[in-house]
Every structure is written in C-alpha cells, then in structure tokens.
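Trainee: upload.txt is reproduced in full below (compact mmCIF, C-alpha atoms and all ligand atoms).
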# COMPACT_ATOMS: atom_id res chain seq x y z
CA MET Z 1 97.72 30.66 206.44
CA LYS Z 2 100.59 28.97 204.67
CA ARG Z 3 98.66 28.96 201.43
CA LYS Z 4 97.84 32.67 201.76
CA SER Z 5 101.46 33.50 202.24
CA SER Z 6 102.36 31.59 199.08
CA ASP Z 7 99.67 33.50 197.12
CA LEU Z 8 101.03 36.75 198.45
CA THR Z 9 104.57 35.82 197.39
CA GLU Z 10 103.31 34.89 193.92
CA PHE Z 11 101.46 38.22 193.70
CA TYR Z 12 104.55 40.12 194.71
CA ILE Z 13 106.66 38.30 192.12
CA GLN Z 14 104.13 39.05 189.36
CA PHE Z 15 103.86 42.65 190.54
CA LEU Z 16 107.64 43.04 190.43
CA ILE Z 17 107.81 41.55 186.91
CA VAL Z 18 105.18 44.04 185.67
CA VAL Z 19 106.98 46.96 187.35
CA TYR Z 20 110.30 45.83 185.85
CA LEU Z 21 108.84 45.56 182.34
CA LEU Z 22 107.16 48.98 182.57
CA TRP Z 23 110.35 50.51 183.88
CA SER Z 24 112.86 48.75 181.63
CA PHE Z 25 111.13 49.08 178.26
CA PRO Z 26 111.51 52.84 177.72
CA VAL Z 27 114.96 52.85 179.33
CA LEU Z 28 116.19 50.16 176.95
CA SER Z 29 114.83 51.98 173.92
CA PHE Z 30 116.35 55.32 175.01
CA GLY Z 31 119.59 53.52 175.70
CA GLN Z 32 119.75 52.24 172.15
CA LYS Z 33 119.38 55.74 170.75
CA GLU Z 34 122.52 56.73 172.58
CA VAL Z 35 124.60 54.07 170.85
CA LEU Z 36 126.56 56.05 168.22
CA VAL Z 37 128.62 53.26 166.72
CA PRO Z 38 127.14 49.75 166.85
CA ALA Z 39 129.36 46.75 167.47
CA ASP Z 40 129.79 46.07 163.74
CA GLY Z 41 131.38 49.52 163.33
CA THR Z 42 128.77 50.98 160.99
CA VAL Z 43 127.08 54.27 161.77
CA SER Z 44 123.35 54.05 161.21
CA GLU Z 45 121.31 56.72 159.43
CA GLY Z 46 120.62 59.91 161.35
CA GLU Z 47 123.78 59.48 163.39
CA GLU Z 48 126.34 60.48 160.74
CA GLN Z 49 129.25 62.73 161.61
CA PRO Z 50 128.40 66.39 160.85
CA VAL Z 51 130.38 67.78 157.91
CA VAL Z 52 131.38 71.28 156.87
CA ALA Z 53 133.50 72.70 154.02
CA LEU Z 54 136.07 75.46 154.49
CA THR Z 55 136.69 77.50 151.34
CA PHE Z 56 139.37 80.13 150.82
CA ASP Z 57 139.29 82.76 148.08
CA ASP Z 58 141.76 85.25 146.59
CA GLY Z 59 145.07 83.45 147.31
CA PRO Z 60 147.60 82.22 147.25
CA SER Z 61 149.47 84.70 149.44
CA GLY Z 62 153.20 84.28 150.07
CA THR Z 63 152.79 85.28 153.73
CA SER Z 64 149.47 83.92 155.03
CA THR Z 65 148.73 80.85 152.85
CA PRO Z 66 151.77 78.83 154.10
CA VAL Z 67 150.66 79.45 157.71
CA LEU Z 68 147.22 78.09 156.82
CA LEU Z 69 148.58 75.04 154.98
CA GLU Z 70 150.80 74.16 157.92
CA GLY Z 71 147.89 74.57 160.39
CA LEU Z 72 145.53 72.45 158.29
CA ARG Z 73 148.21 69.76 157.87
CA LYS Z 74 148.68 69.53 161.66
CA ARG Z 75 144.93 69.17 162.14
CA GLY Z 76 144.42 66.66 159.31
CA VAL Z 77 141.98 68.97 157.53
CA ARG Z 78 141.41 69.37 153.79
CA ALA Z 79 139.88 72.54 152.38
CA THR Z 80 139.00 74.12 149.03
CA PHE Z 81 141.02 77.02 147.59
CA PHE Z 82 139.65 79.27 144.82
CA VAL Z 83 142.83 80.83 143.52
CA VAL Z 84 143.41 84.00 141.49
CA GLY Z 85 145.71 83.37 138.50
CA GLU Z 86 147.79 86.52 138.85
CA ASN Z 87 148.43 85.71 142.54
CA VAL Z 88 149.62 82.22 141.61
CA GLU Z 89 152.25 83.86 139.38
CA LYS Z 90 153.59 86.17 142.12
CA GLY Z 91 156.90 85.35 143.84
CA GLU Z 92 157.21 81.73 144.95
CA ASN Z 93 153.45 81.19 145.03
CA ALA Z 94 153.56 78.42 142.41
CA GLN Z 95 155.38 76.32 145.00
CA ILE Z 96 152.60 77.07 147.52
CA LEU Z 97 150.04 75.85 144.98
CA ARG Z 98 152.07 72.68 144.46
CA GLU Z 99 152.06 72.04 148.24
CA MET Z 100 148.34 72.77 148.41
CA SER Z 101 147.69 70.13 145.78
CA ALA Z 102 150.10 67.62 147.38
CA ASP Z 103 148.32 68.07 150.74
CA GLY Z 104 145.05 66.94 149.12
CA HIS Z 105 143.23 70.28 149.10
CA LEU Z 106 140.84 70.95 146.23
CA ILE Z 107 141.91 73.80 143.96
CA GLY Z 108 139.29 75.85 142.15
CA ASN Z 109 139.32 78.80 139.75
CA HIS Z 110 138.64 82.38 140.91
CA THR Z 111 139.53 84.00 137.51
CA TYR Z 112 142.92 85.42 136.49
CA HIS Z 113 142.46 89.10 137.49
CA HIS Z 114 139.67 88.74 140.09
CA VAL Z 115 137.10 90.19 137.71
CA ASN Z 116 133.31 90.47 137.72
CA LEU Z 117 132.42 87.86 135.09
CA SER Z 118 128.88 89.22 134.66
CA LYS Z 119 130.19 92.57 133.44
CA MET Z 120 132.16 91.37 130.42
CA SER Z 121 131.66 89.57 127.12
CA ALA Z 122 131.42 85.79 127.06
CA GLU Z 123 134.83 85.72 125.30
CA GLN Z 124 136.50 87.85 127.96
CA ALA Z 125 134.96 85.80 130.76
CA GLN Z 126 136.11 82.58 129.12
CA ALA Z 127 139.65 83.98 128.70
CA GLU Z 128 139.78 84.93 132.41
CA LEU Z 129 138.80 81.41 133.46
CA ASP Z 130 140.95 79.65 130.85
CA ALA Z 131 144.11 81.51 131.91
CA THR Z 132 143.78 80.29 135.51
CA ASP Z 133 142.78 76.78 134.38
CA GLU Z 134 145.98 76.52 132.33
CA LEU Z 135 148.15 77.88 135.12
CA VAL Z 136 146.75 75.45 137.71
CA ARG Z 137 147.11 72.53 135.28
CA LYS Z 138 150.72 73.49 134.48
CA ILE Z 139 151.65 73.55 138.18
CA THR Z 140 149.51 70.75 139.69
CA GLY Z 141 148.80 68.56 136.66
CA LYS Z 142 145.02 68.93 137.14
CA TYR Z 143 142.47 71.24 135.50
CA PRO Z 144 140.16 72.85 138.03
CA ILE Z 145 136.52 71.77 137.54
CA TYR Z 146 135.13 73.99 140.28
CA ALA Z 147 135.04 77.77 140.24
CA ARG Z 148 133.85 80.58 142.42
CA ALA Z 149 132.85 83.76 140.60
CA PRO Z 150 134.36 86.88 142.21
CA TYR Z 151 131.62 88.89 144.03
CA GLY Z 152 129.34 85.87 143.46
CA GLU Z 153 128.63 87.24 139.97
CA VAL Z 154 128.49 84.31 137.56
CA PRO Z 155 128.77 84.97 133.81
CA GLU Z 156 125.45 86.18 132.36
CA ASN Z 157 125.91 84.22 129.18
CA GLY Z 158 124.78 80.72 130.06
CA ASP Z 159 126.82 79.30 127.18
CA VAL Z 160 130.05 80.04 129.02
CA ASP Z 161 131.45 77.09 130.86
CA ARG Z 162 128.74 74.49 130.85
CA GLN Z 163 131.29 71.96 132.10
CA ARG Z 164 132.22 74.03 135.15
CA PHE Z 165 130.61 73.96 138.60
CA TYR Z 166 130.21 77.34 140.27
CA ILE Z 167 130.32 77.06 144.04
CA GLY Z 168 128.64 79.57 146.33
CA TRP Z 169 128.74 79.69 150.14
CA THR Z 170 126.32 79.52 153.05
CA VAL Z 171 128.32 81.17 155.85
CA ASP Z 172 130.05 84.52 155.18
CA PRO Z 173 131.69 86.20 158.21
CA LEU Z 174 132.85 89.16 156.02
CA ASP Z 175 136.39 88.36 157.21
CA TRP Z 176 137.93 90.85 154.77
CA MET Z 177 136.28 93.75 156.65
CA THR Z 178 138.05 93.19 159.98
CA GLU Z 179 141.39 92.07 161.42
CA ASP Z 180 139.65 90.95 164.63
CA VAL Z 181 140.36 87.21 164.76
CA SER Z 182 137.87 86.57 167.59
CA ARG Z 183 135.10 88.40 165.77
CA ILE Z 184 135.60 86.37 162.58
CA THR Z 185 135.75 83.13 164.59
CA GLN Z 186 132.61 83.94 166.59
CA SER Z 187 130.70 85.05 163.52
CA VAL Z 188 131.24 81.62 161.92
CA LEU Z 189 130.67 79.57 165.08
CA GLU Z 190 127.37 81.33 165.81
CA LYS Z 191 125.93 80.48 162.38
CA VAL Z 192 127.50 77.21 161.31
CA GLU Z 193 125.39 74.07 160.83
CA PRO Z 194 126.15 70.67 159.31
CA GLY Z 195 126.44 70.89 155.50
CA ASP Z 196 127.57 74.53 155.45
CA ILE Z 197 130.15 75.99 153.05
CA ILE Z 198 132.20 78.63 154.91
CA LEU Z 199 133.72 81.53 152.95
CA LEU Z 200 137.08 82.92 154.11
CA HIS Z 201 140.10 84.57 152.44
CA ASP Z 202 143.59 83.12 152.86
CA SER Z 203 145.03 86.44 151.71
CA TYR Z 204 144.65 87.80 155.29
CA LEU Z 205 146.59 86.50 158.27
CA SER Z 206 143.65 87.32 160.59
CA SER Z 207 141.36 85.11 158.47
CA VAL Z 208 143.92 82.30 158.55
CA GLN Z 209 144.19 82.49 162.35
CA ALA Z 210 140.39 82.54 162.62
CA ALA Z 211 140.13 79.53 160.28
CA LEU Z 212 142.40 77.46 162.52
CA ARG Z 213 140.39 78.44 165.63
CA ILE Z 214 137.20 77.49 163.78
CA VAL Z 215 138.71 74.11 162.92
CA ASP Z 216 139.69 73.48 166.56
CA ALA Z 217 136.24 74.44 167.84
CA LEU Z 218 134.31 72.40 165.27
CA GLN Z 219 136.58 69.36 165.55
CA GLY Z 220 135.86 69.53 169.30
CA LYS Z 221 132.15 69.25 168.43
CA GLY Z 222 132.78 66.20 166.22
CA TYR Z 223 132.68 67.94 162.84
CA GLU Z 224 134.53 66.51 159.84
CA PHE Z 225 135.97 68.88 157.22
CA ILE Z 226 135.40 67.96 153.60
CA THR Z 227 136.12 69.56 150.22
CA VAL Z 228 133.29 71.01 148.09
CA ASP Z 229 133.38 68.13 145.57
CA GLN Z 230 132.65 65.75 148.46
CA MET Z 231 129.88 68.07 149.68
CA ILE Z 232 128.23 67.99 146.24
CA SER Z 233 128.49 64.20 145.86
CA ASP Z 234 126.83 63.63 149.26
ZN ZN Z 301 137.37 86.97 145.64
Go ahead and express the file in the form of structure tokens.
Ligand SMILES: [Zn+2]

Mentor:
Amino acid sequence: MKRKSSDLTEFYIQFLIVVYLLWSFPVLSFGQKEVLVPADGTVSEGEEQPVVALTFDDGPSGTSTPVLLEGLRKRGVRATFFVVGENVEKGENAQILREMSADGHLIGNHTYHHVNLSKMSAEQAQAELDATDELVRKITGKYPIYARAPYGEVPENGDVDRQRFYIGWTVDPLDWMTEDVSRITQSVLEKVEPGDIILLHDSYLSSVQAALRIVDALQGKGYEFITVDQMISD
C-alpha cells in the first residue's frame, strides 16, 4: 500500500513535469517575440521602428512655412523641402530657408519658376535647376542634390542632370485641392505604411496644419520621421 502510494506520487510528479513542459514551451517562445528591445539595447531584425518621410513642395511661403518649421521643431521631426527658386527670393523667405537648413531639414530643388521640365529644351531645363541650386547654395552653403520635378515630369533628355536624384512620392492626399484639414489628415493616415514618402505643400496653411496632425498621429504609432536621403540609403 505504501509502495503504491509512492508510485502514484512519482507518476503525478512526472505527469506534472510533462504538462508544464507542454504548456510552457509555446508560451516562452511567444513571450520572446514580444520583447522589442533586448537587454543589450539592440533592436533585432524585423522589429525596427517604422519610418516615413514627409516632403513639402512649392515653398517657402512667408505665412505658412514658419508655422510648419515651428511645429516640426517642437515635435523633433525633420522633413524634406523641395523649394521653388522664385519663392525663395520673395520677401524675407531667404531667412526661412536659412532656418530650415539650420533645423536639419533636407532642402531639394523644385525648379526656379515651377516649370514642366519635360516640355522644354535640355538647356532651359538645366537653367531652371541651376538657378535654384545657386540660390540655395548662396543662402545655406549647400548645393541641393535631390530634386522633385514639378508635376512629376522629369526632363525627357536623359543627359540633363545625371548627378541629381529625382524623388517621387508614394502617398498623395491632393492637399492642394482642399482646405479641409481633417480630410487631408485622414487621406494620409488611411494609406500610409512604413517606408512611404508623403507629398504635401507648405504653401497652404491647411496642409501645414494637416502635416502636424499627421506627425502627432504617426508618432503615437511609433513612427520615426526621416529625410529622403536617409530613406534612399536604407
Ligand atoms: Zn510643385
């Protein structure tokens, strides 16, 4: 009787060990997947922070661009600005460009007169880009390497600007068609995915307000904002 009881105890112990192993193995492995930052501080592959690039065309604007720069500064966000040469030369906008550069934003070329580069000679297209290059260099000390062709129309002559990177976009809320801040914001938030390049225009106050709402929403989801040169080098 005593011996039987001891066998039964042994059986129960073995049974409990088997149950524990069956139960604990998947739990432990699921648990490890939930660890975002291991003890050594490195983030392992597949668990990287999602990134997105905000790009602003057609500025600078003396009224809306300073509001944007201030908002981005408060949020610790850097963006990419494709500026139009003739807008840089308006009013006090050179000072805005200087601040943009000092804040660490990337400045790109959007031609001097906001022209369709595919509808002109190679010489004219080059002159449009060169004029804005020179202006940006004079004010910030740096030549822009990146450009965005107005209307997305890159020069037809492939010999123009081999050293320049033309940057497109992947999310376009058509912000210039509406002053409805919520609509612009929603349009971006519905489509955006990690790695996207968002197109907005800092020449409109509604777009600027939407941009800051987009930043708040995406930062809340853990997104990091990077400039397009960082996006390309990734
Ligand atoms: Zn444009």

Trainee: Please determine, counting all atoms listed in the file, which residue among Z:Gln126, Z:Ser203, Z:Gln95, Z:Thr80 has the shortest atom-to-atom distance to Pro60 (chain Z).

Mentor: Z:Ser203

Trainee: Rank nothing, just name the residue among Z:Ala149, Z:Ile232, Z:Val188, Z:Ala210 nearest to ligand ZN 301 (chain Z), using only C-alpha atoms and all ligand atoms.

Mentor: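 Residue with the minimum atom-to-atom distance to ligand ZN 301 (chain Z): Z:Ala149.
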
Trainee: Find the residues near Val52 (chain Z): any atom within 6 Å, counting only C-alpha atoms, skip ones fewer than 4 places away on the same chain, and give them as a ChimeraX atom specification.

Mentor: /Z:194-196,225

Trainee: Once you count all atoms listed in the file, which residues end up within 12 Å of ligand ZN 301 (chain Z), and could you hand them over as JSON, numbers by chain?

Mentor: {"Z": [55, 56, 57, 58, 59, 60, 81, 82, 83, 84, 85, 87, 108, 109, 110, 111, 112, 113, 114, 115, 116, 117, 147, 148, 149, 150, 151, 152, 153, 168, 174, 175, 176, 199, 200, 201, 202, 203]}

Trainee: What is the CA of Val228 (chain Z) to CA of Phe165 (chain Z) distance in Å?

Mentor: 10.3 Å

Trainee: Of the candidates Z:Asn93, Z:Gln49, Z:Ser233, Z:Gln124, which one gets nearest to Pro66 (chain Z) if we count all atoms listed in the file?

Mentor: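 The answer is Z:Asn93, which sits nearest to Pro66 (chain Z).
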
Trainee: Between Z:Leu97, Z:Met231, Z:Leu129, Z:Ile184, which one has atoms that come closest to Val208 (chain Z), using all atoms listed in the file?

Mentor: Z:Ile184

Trainee: Please provide the set of residues having any atom within 9 Å of Arg73 (chain Z), restricted to all atoms listed in the file, with same-chain residues fewer than 5 positions apart removed, written as number ranges by chain.

Mentor: Z: 68, 78, 103

Trainee: Could you tell me how far CA of Gln230 (chain Z) sits from CA of Glu134 (chain Z), in Å to one decimal place?

Mentor: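 Distance between the two atoms: 23.5 Å.
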
Trainee: Which residues are near Gln186 (chain Z)? Cut-off 10 Å, all atoms listed in the file, ignore same chain within fewer than 4 positions. Put them as an NGL selection string.

Mentor: :Z and (173 or 181-182 or 190-192 or 210 or 213-214)

Trainee: Could you check how far CA of Arg98 (chain Z) sits from CA of Thr140 (chain Z), in Å to one decimal?

Mentor: 5.7 Å

Trainee: Nearest residue to Met177 (chain Z) out of Z:Arg164, Z:Ser64, Z:Ser207, Z:Pro155, using all atoms listed in the file?

Mentor: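 For Met177 (chain Z), the nearest of the candidates is Z:Ser207.
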
Trainee: Select, from Z:Leu189, Z:Ile139, Z:Tyr204, Z:Glu89, the residue with the minimum atom-to-atom distance to Ala217 (chain Z), counting all atoms listed in the file.

Mentor: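 Checking each of Z:Leu189, Z:Ile139, Z:Tyr204, Z:Glu89 against Ala217 (chain Z), counting all atoms listed in the file, the winner is Z:Leu189.
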
Trainee: Is it possible to get the axis-aligned box enclosing region 169-174 of chain Z (all listed atoms, 5 Å extra per side) as JSON, with centre and edge lengths in Å rounded to one decimal?

Mentor:
{"center_x": 129.6, "center_y": 84.3, "center_z": 154.2, "size_x": 16.5, "size_y": 19.6, "size_z": 18.1}

Trainee: Contacts of Arg137 (chain Z) at 12 Å or less, counting all atoms listed in the file, minus same-chain residues fewer than 4 places along, as a list in words?

Mentor: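 Residues near the query, excluding close chain neighbours: Gly85, Val88, Ala94, Leu97, Arg98, Ser101, Ile107, Gly108, Asn109, Asp130, Ala131, Thr132, Asp133, Gly141, Lys142, Tyr143, Pro144 and Ile145 of chain Z.
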